[in-house]
Amino acid sequence: MEKKSIALAAGLFIIGGLTGAVVERFAVMPDMGAGVSLGAAASLLESVTHGQAKAEKVFPGPGGLTGIEATLQGHPTVAFATADGKYLVAGPVLNTQGEDEAHAAMMKLGLIPKPASAATMAGKAAHADSFVLGTSGPEITAFVDPNCIFCHKFYEEAKALIEAGKLRVRYVVVAFLKPSSAPKAAAILGATDPAAAMAENEKGFDEETEEGGIKPAQNPGAATISAVDNNTKLLGDSGEMATPTLIYCNQEEKPTLVHGLDKESLKDFVAHIGNLQNGACQK
């Protein structure tokens with residue numbers, strides 16, 4: 001699964017040219033004891049980010065960490081300080097369930113909106129600039145980036161099921177992984193036959209460089225640019241910039257949203273899902 005967390009995208013700390021999901025850097029600071037005060041957090045941020053970030057408030061964090069609400073180049077974000085005040089953790093902080101505590105903190109503090117429900121996402125995706133492959137079988141909505149290798153693998157696996165009449169896929173093309181993603185997405189959505197353009201992208205996909213095979217659009221129209229932007233913003237409403245993001249109906253006929261698939265095969269997965277039509281689960 002290709003992923004960029006909302007918390008990270010909202011303001012990943014860039015420290016000494018090093019970027020990453022979780023950044024730790026030593027800064028020479030006095031011992032802080034069991035907690036980190038706002039003043040100490042401000043000093044830590046000042047030292048580590050060379051004055052680029054400003055601490056606004058502190059709050060109890062997970063695992064003995066102290067949360068820091070901060071602004072970085074005008075953008076709100078969250079970071080964490082270790083109990084001794086010597087390390088700054090920026091980016092996703094995952095708990096044992098794989099949930100991002102930084103992302104949760106940003107939502108709790110009101111820095112980012114709460115994710116839209118699966119039902120809301122399903123309804124909006126049905127009216128997004130998208131296209132459906134397949135004529136029978138249960139429907140899945142798939143948010144995909146043209147340069148996403150996991151989307152490519154999903155496309156290839158879904159292709160056989162679509163051709164066998166066992167699956168329909170609504171593709172919502174987004175763009176956020178690479179600079180070439182937007183013009184490639186525009187090339188697909190702006191094509192006379194988006195399905196054929198998508199097939200071209202996947203047929204020429206370079207797994208080594210993780211680049212889609214379609215030629216980027218040179219001068220896409222305003223409507224096409226808007227479609228790509230709107231689709232990408234809609235994906236952001238899910239709470240994660242991750243592809244493929246899938247929406248389907250579970251066996252209880254309720255819309256369900258997942259970021260990526262588990263290790264089970266798509267064939268086995270499809271055999272146990274309900275029918276999604278026009279953004280709603282059908283009995």
# chains A, B, ... in the order shown; residues from 1 in each chain; ligands from 1

$ residues_around --residues "range 154-165 of chain A" --least-positions-apart "3" --cutoff "6 Å" --atoms "only C-alpha atoms" --output "list of chain:residue names"
A:Gly134, A:Ser136, A:Gly137, A:Cys151, A:Arg168

$ closest_residue --among "A:Thr141, A:Thr77, A:Thr135, A:Thr120" --to "Met107 in chain A" --atoms "only C-alpha atoms"
A:Thr77

$ select_by_dssp --residues "range 81-260 of chain A" --states "strand (DSSP E or B)" --output "JSON list (two decimals) with N, CA, C and O atoms, in the first residue's frame"
[["chain", "number", "residue", "atom", "x", "y", "z"],
["A", 81, "ALA", "N", 7.84, 14.66, 22.27],
["A", 81, "ALA", "CA", 9.15, 14.72, 22.91],
["A", 81, "ALA", "C", 9.27, 13.56, 23.88],
["A", 81, "ALA", "O", 8.30, 13.18, 24.55],
["A", 87, "TYR", "N", 14.87, 14.09, 22.70],
["A", 87, "TYR", "CA", 14.55, 13.59, 21.37],
["A", 87, "TYR", "C", 13.19, 14.10, 20.91],
["A", 87, "TYR", "O", 12.23, 14.17, 21.70],
["A", 88, "LEU", "N", 13.11, 14.44, 19.65],
["A", 88, "LEU", "CA", 11.86, 14.87, 19.03],
["A", 88, "LEU", "C", 11.43, 13.80, 18.04],
["A", 88, "LEU", "O", 12.20, 13.39, 17.18],
["A", 89, "VAL", "N", 10.19, 13.35, 18.16],
["A", 89, "VAL", "CA", 9.63, 12.35, 17.24],
["A", 89, "VAL", "C", 8.60, 13.06, 16.38],
["A", 89, "VAL", "O", 7.59, 13.55, 16.88],
["A", 90, "ALA", "N", 8.85, 13.11, 15.08],
["A", 90, "ALA", "CA", 7.95, 13.79, 14.15],
["A", 90, "ALA", "C", 7.46, 12.80, 13.11],
["A", 90, "ALA", "O", 8.22, 11.98, 12.61],
["A", 94, "LEU", "N", 3.07, 4.92, 15.72],
["A", 94, "LEU", "CA", 2.15, 3.80, 15.63],
["A", 94, "LEU", "C", 2.05, 3.01, 16.93],
["A", 94, "LEU", "O", 3.06, 2.71, 17.55],
["A", 100, "ASP", "N", -2.12, 5.40, 14.05],
["A", 100, "ASP", "CA", -1.22, 6.54, 14.16],
["A", 100, "ASP", "C", -1.69, 7.49, 15.27],
["A", 100, "ASP", "O", -2.71, 8.16, 15.13],
["A", 131, "PHE", "N", -14.69, 5.79, -13.59],
["A", 131, "PHE", "CA", -15.20, 4.89, -14.62],
["A", 131, "PHE", "C", -15.23, 3.49, -14.04],
["A", 131, "PHE", "O", -14.48, 3.15, -13.12],
["A", 132, "VAL", "N", -16.13, 2.67, -14.56],
["A", 132, "VAL", "CA", -16.33, 1.32, -14.05],
["A", 132, "VAL", "C", -15.88, 0.30, -15.09],
["A", 132, "VAL", "O", -16.26, 0.38, -16.25],
["A", 133, "LEU", "N", -15.09, -0.67, -14.65],
["A", 133, "LEU", "CA", -14.70, -1.80, -15.48],
["A", 133, "LEU", "C", -15.49, -3.01, -15.03],
["A", 133, "LEU", "O", -15.56, -3.30, -13.83],
["A", 139, "GLU", "N", -19.54, -4.82, -6.88],
["A", 139, "GLU", "CA", -18.72, -3.66, -7.24],
["A", 139, "GLU", "C", -17.84, -3.21, -6.07],
["A", 139, "GLU", "O", -18.28, -3.20, -4.92],
["A", 140, "ILE", "N", -16.62, -2.85, -6.39],
["A", 140, "ILE", "CA", -15.67, -2.26, -5.45],
["A", 140, "ILE", "C", -15.27, -0.90, -6.00],
["A", 140, "ILE", "O", -15.06, -0.76, -7.21],
["A", 141, "THR", "N", -15.17, 0.09, -5.15],
["A", 141, "THR", "CA", -14.60, 1.38, -5.55],
["A", 141, "THR", "C", -13.13, 1.37, -5.16],
["A", 141, "THR", "O", -12.79, 1.02, -4.02],
["A", 142, "ALA", "N", -12.27, 1.74, -6.10],
["A", 142, "ALA", "CA", -10.83, 1.74, -5.85],
["A", 142, "ALA", "C", -10.23, 3.11, -6.18],
["A", 142, "ALA", "O", -10.31, 3.56, -7.31],
["A", 143, "PHE", "N", -9.64, 3.76, -5.16],
["A", 143, "PHE", "CA", -8.88, 4.99, -5.38],
["A", 143, "PHE", "C", -7.45, 4.58, -5.73],
["A", 143, "PHE", "O", -6.80, 3.85, -4.96],
["A", 144, "VAL", "N", -6.96, 5.03, -6.87],
["A", 144, "VAL", "CA", -5.65, 4.60, -7.35],
["A", 144, "VAL", "C", -4.84, 5.78, -7.85],
["A", 144, "VAL", "O", -5.38, 6.74, -8.40],
["A", 168, "ARG", "N", -16.89, -5.99, -10.57],
["A", 168, "ARG", "CA", -16.87, -4.67, -11.21],
["A", 168, "ARG", "C", -16.03, -3.75, -10.32],
["A", 168, "ARG", "O", -16.13, -3.83, -9.11],
["A", 169, "VAL", "N", -15.24, -2.89, -10.93],
["A", 169, "VAL", "CA", -14.42, -1.96, -10.16],
["A", 169, "VAL", "C", -14.65, -0.55, -10.67],
["A", 169, "VAL", "O", -14.51, -0.28, -11.87],
["A", 170, "ARG", "N", -15.02, 0.33, -9.76],
["A", 170, "ARG", "CA", -15.10, 1.76, -10.08],
["A", 170, "ARG", "C", -13.75, 2.37, -9.73],
["A", 170, "ARG", "O", -13.37, 2.43, -8.56],
["A", 171, "TYR", "N", -13.02, 2.84, -10.72],
["A", 171, "TYR", "CA", -11.71, 3.43, -10.50],
["A", 171, "TYR", "C", -11.84, 4.94, -10.35],
["A", 171, "TYR", "O", -12.37, 5.63, -11.21],
["A", 172, "VAL", "N", -11.35, 5.43, -9.21],
["A", 172, "VAL", "CA", -11.28, 6.87, -8.94],
["A", 172, "VAL", "C", -9.79, 7.22, -8.95],
["A", 172, "VAL", "O", -9.06, 6.87, -8.01],
["A", 173, "VAL", "N", -9.34, 7.88, -10.00],
["A", 173, "VAL", "CA", -7.91, 8.15, -10.18],
["A", 173, "VAL", "C", -7.53, 9.41, -9.42],
["A", 173, "VAL", "O", -8.15, 10.48, -9.58],
["A", 206, "ASP", "N", 6.24, 0.27, -14.97],
["A", 206, "ASP", "CA", 7.60, -0.15, -14.67],
["A", 206, "ASP", "C", 7.70, -0.43, -13.17],
["A", 206, "ASP", "O", 7.71, 0.50, -12.36],
["A", 211, "GLU", "N", 6.67, 3.46, -11.86],
["A", 211, "GLU", "CA", 6.14, 4.51, -12.72],
["A", 211, "GLU", "C", 5.11, 3.92, -13.67],
["A", 211, "GLU", "O", 5.36, 2.91, -14.32],
["A", 240, "GLU", "N", -6.70, 9.18, 5.21],
["A", 240, "GLU", "CA", -5.37, 8.71, 4.83],
["A", 240, "GLU", "C", -5.15, 8.96, 3.34],
["A", 240, "GLU", "O", -6.03, 8.68, 2.52],
["A", 241, "MET", "N", -3.97, 9.48, 3.01],
["A", 241, "MET", "CA", -3.58, 9.54, 1.61],
["A", 241, "MET", "C", -2.87, 8.23, 1.32],
["A", 241, "MET", "O", -1.65, 8.11, 1.47],
["A", 242, "ALA", "N", -3.64, 7.22, 0.96],
["A", 242, "ALA", "CA", -3.10, 5.88, 0.76],
["A", 242, "ALA", "C", -3.80, 5.23, -0.43],
["A", 242, "ALA", "O", -5.00, 5.40, -0.63],
["A", 243, "THR", "N", -3.02, 4.51, -1.21],
["A", 243, "THR", "CA", -3.59, 3.79, -2.35],
["A", 243, "THR", "C", -3.03, 2.38, -2.43],
["A", 243, "THR", "O", -1.88, 2.16, -2.08],
["A", 245, "THR", "N", -7.06, 2.61, -1.94],
["A", 245, "THR", "CA", -8.10, 2.66, -0.91],
["A", 245, "THR", "C", -9.35, 2.07, -1.54],
["A", 245, "THR", "O", -9.76, 2.49, -2.63],
["A", 246, "LEU", "N", -9.95, 1.11, -0.87],
["A", 246, "LEU", "CA", -11.08, 0.37, -1.42],
["A", 246, "LEU", "C", -12.34, 0.58, -0.58],
["A", 246, "LEU", "O", -12.28, 0.65, 0.65],
["A", 247, "ILE", "N", -13.46, 0.70, -1.26],
["A", 247, "ILE", "CA", -14.77, 0.78, -0.60],
["A", 247, "ILE", "C", -15.61, -0.37, -1.14],
["A", 247, "ILE", "O", -15.71, -0.55, -2.36],
["A", 248, "TYR", "N", -16.21, -1.12, -0.25],
["A", 248, "TYR", "CA", -17.04, -2.24, -0.66],
["A", 248, "TYR", "C", -18.14, -2.45, 0.37],
["A", 248, "TYR", "O", -18.16, -1.80, 1.43],
["A", 249, "CYS", "N", -19.06, -3.35, 0.09],
["A", 249, "CYS", "CA", -20.10, -3.70, 1.04],
["A", 249, "CYS", "C", -19.73, -5.00, 1.72],
["A", 249, "CYS", "O", -19.41, -5.99, 1.04],
["A", 255, "PRO", "N", -21.42, -0.33, 4.02],
["A", 255, "PRO", "CA", -20.22, 0.17, 3.33],
["A", 255, "PRO", "C", -19.00, 0.07, 4.25],
["A", 255, "PRO", "O", -19.07, 0.40, 5.43],
["A", 256, "THR", "N", -17.90, -0.38, 3.69],
["A", 256, "THR", "CA", -16.66, -0.56, 4.44],
["A", 256, "THR", "C", -15.51, 0.03, 3.63],
["A", 256, "THR", "O", -15.45, -0.14, 2.41],
["A", 257, "LEU", "N", -14.61, 0.71, 4.32],
["A", 257, "LEU", "CA", -13.46, 1.32, 3.65],
["A", 257, "LEU", "C", -12.17, 0.76, 4.24],
["A", 257, "LEU", "O", -12.04, 0.68, 5.46],
["A", 258, "VAL", "N", -11.27, 0.35, 3.37],
["A", 258, "VAL", "CA", -9.98, -0.15, 3.80],
["A", 258, "VAL", "C", -8.88, 0.47, 2.96],
["A", 258, "VAL", "O", -9.08, 0.77, 1.79],
["A", 259, "HIS", "N", -7.73, 0.65, 3.58],
["A", 259, "HIS", "CA", -6.56, 1.15, 2.87],
["A", 259, "HIS", "C", -5.68, -0.06, 2.54],
["A", 259, "HIS", "O", -4.96, -0.57, 3.39]]

$ residues_around --residues "range 198-200 of chain A" --least-positions-apart "3" --cutoff "7 Å" --atoms "only C-alpha atoms" --output "PDB file with all heavy atoms, in the first residue's frame"
ATOM      1  N   ILE A 188      -5.259  10.074 -18.056  1.00  0.00           N
ATOM      2  CA  ILE A 188      -6.271   9.015 -17.968  1.00  0.00           C
ATOM      3  C   ILE A 188      -7.678   9.607 -17.953  1.00  0.00           C
ATOM      4  O   ILE A 188      -8.534   9.242 -18.764  1.00  0.00           O
ATOM      5  CB  ILE A 188      -6.039   8.153 -16.711  1.00  0.00           C
ATOM      6  CG1 ILE A 188      -4.707   7.399 -16.825  1.00  0.00           C
ATOM      7  CG2 ILE A 188      -7.194   7.172 -16.511  1.00  0.00           C
ATOM      8  CD1 ILE A 188      -4.284   6.690 -15.548  1.00  0.00           C
ATOM      9  N   PRO A 194     -11.249   6.638 -20.865  1.00  0.00           N
ATOM     10  CA  PRO A 194     -10.405   6.522 -19.667  1.00  0.00           C
ATOM     11  C   PRO A 194     -10.010   5.087 -19.345  1.00  0.00           C
ATOM     12  O   PRO A 194      -8.900   4.839 -18.865  1.00  0.00           O
ATOM     13  CB  PRO A 194     -11.271   7.121 -18.559  1.00  0.00           C
ATOM     14  CG  PRO A 194     -12.200   8.045 -19.270  1.00  0.00           C
ATOM     15  CD  PRO A 194     -12.493   7.361 -20.573  1.00  0.00           C
ATOM     16  N   ALA A 195     -10.904   4.134 -19.607  1.00  0.00           N
ATOM     17  CA  ALA A 195     -10.597   2.731 -19.324  1.00  0.00           C
ATOM     18  C   ALA A 195      -9.427   2.257 -20.170  1.00  0.00           C
ATOM     19  O   ALA A 195      -8.536   1.547 -19.694  1.00  0.00           O
ATOM     20  CB  ALA A 195     -11.822   1.859 -19.573  1.00  0.00           C
ATOM     21  N   LYS A 203      -0.340  -1.518 -18.535  1.00  0.00           N
ATOM     22  CA  LYS A 203       0.434  -2.381 -19.432  1.00  0.00           C
ATOM     23  C   LYS A 203       1.897  -1.961 -19.466  1.00  0.00           C
ATOM     24  O   LYS A 203       2.807  -2.799 -19.515  1.00  0.00           O
ATOM     25  CB  LYS A 203      -0.153  -2.335 -20.838  1.00  0.00           C
ATOM     26  CG  LYS A 203       0.550  -3.260 -21.827  1.00  0.00           C
ATOM     27  CD  LYS A 203      -0.104  -3.213 -23.194  1.00  0.00           C
ATOM     28  CE  LYS A 203       0.601  -4.142 -24.171  1.00  0.00           C
ATOM     29  NZ  LYS A 203      -0.039  -4.102 -25.520  1.00  0.00           N
ATOM     30  N   GLY A 204       2.136  -0.662 -19.398  1.00  0.00           N
ATOM     31  CA  GLY A 204       3.504  -0.167 -19.460  1.00  0.00           C
ATOM     32  C   GLY A 204       4.099   0.144 -18.102  1.00  0.00           C
ATOM     33  O   GLY A 204       5.144   0.812 -18.019  1.00  0.00           O
ATOM     34  N   GLY A 213       2.827   3.618 -17.045  1.00  0.00           N
ATOM     35  CA  GLY A 213       3.316   3.642 -18.411  1.00  0.00           C
ATOM     36  C   GLY A 213       2.723   4.686 -19.328  1.00  0.00           C
ATOM     37  O   GLY A 213       3.221   4.889 -20.438  1.00  0.00           O
ATOM     38  N   ILE A 214       1.659   5.378 -18.898  1.00  0.00           N
ATOM     39  CA  ILE A 214       1.031   6.341 -19.776  1.00  0.00           C
ATOM     40  C   ILE A 214       1.854   7.624 -19.872  1.00  0.00           C
ATOM     41  O   ILE A 214       2.530   8.026 -18.911  1.00  0.00           O
ATOM     42  CB  ILE A 214      -0.404   6.674 -19.315  1.00  0.00           C
ATOM     43  CG1 ILE A 214      -1.196   7.338 -20.440  1.00  0.00           C
ATOM     44  CG2 ILE A 214      -0.384   7.544 -18.053  1.00  0.00           C
ATOM     45  CD1 ILE A 214      -2.686   7.406 -20.166  1.00  0.00           C
TER      46      ILE A 214
END

$ atom_distance --atom1 "CA of Pro216 in chain A" --atom2 "CA of Ser180 in chain A"
6.9 Å

$ residues_around --residues "Gly274 in chain A" --least-positions-apart "3" --cutoff "8 Å" --atoms "only C-alpha atoms" --output "PyMOL selection string"
chain A and resi 138+248-253+281-283
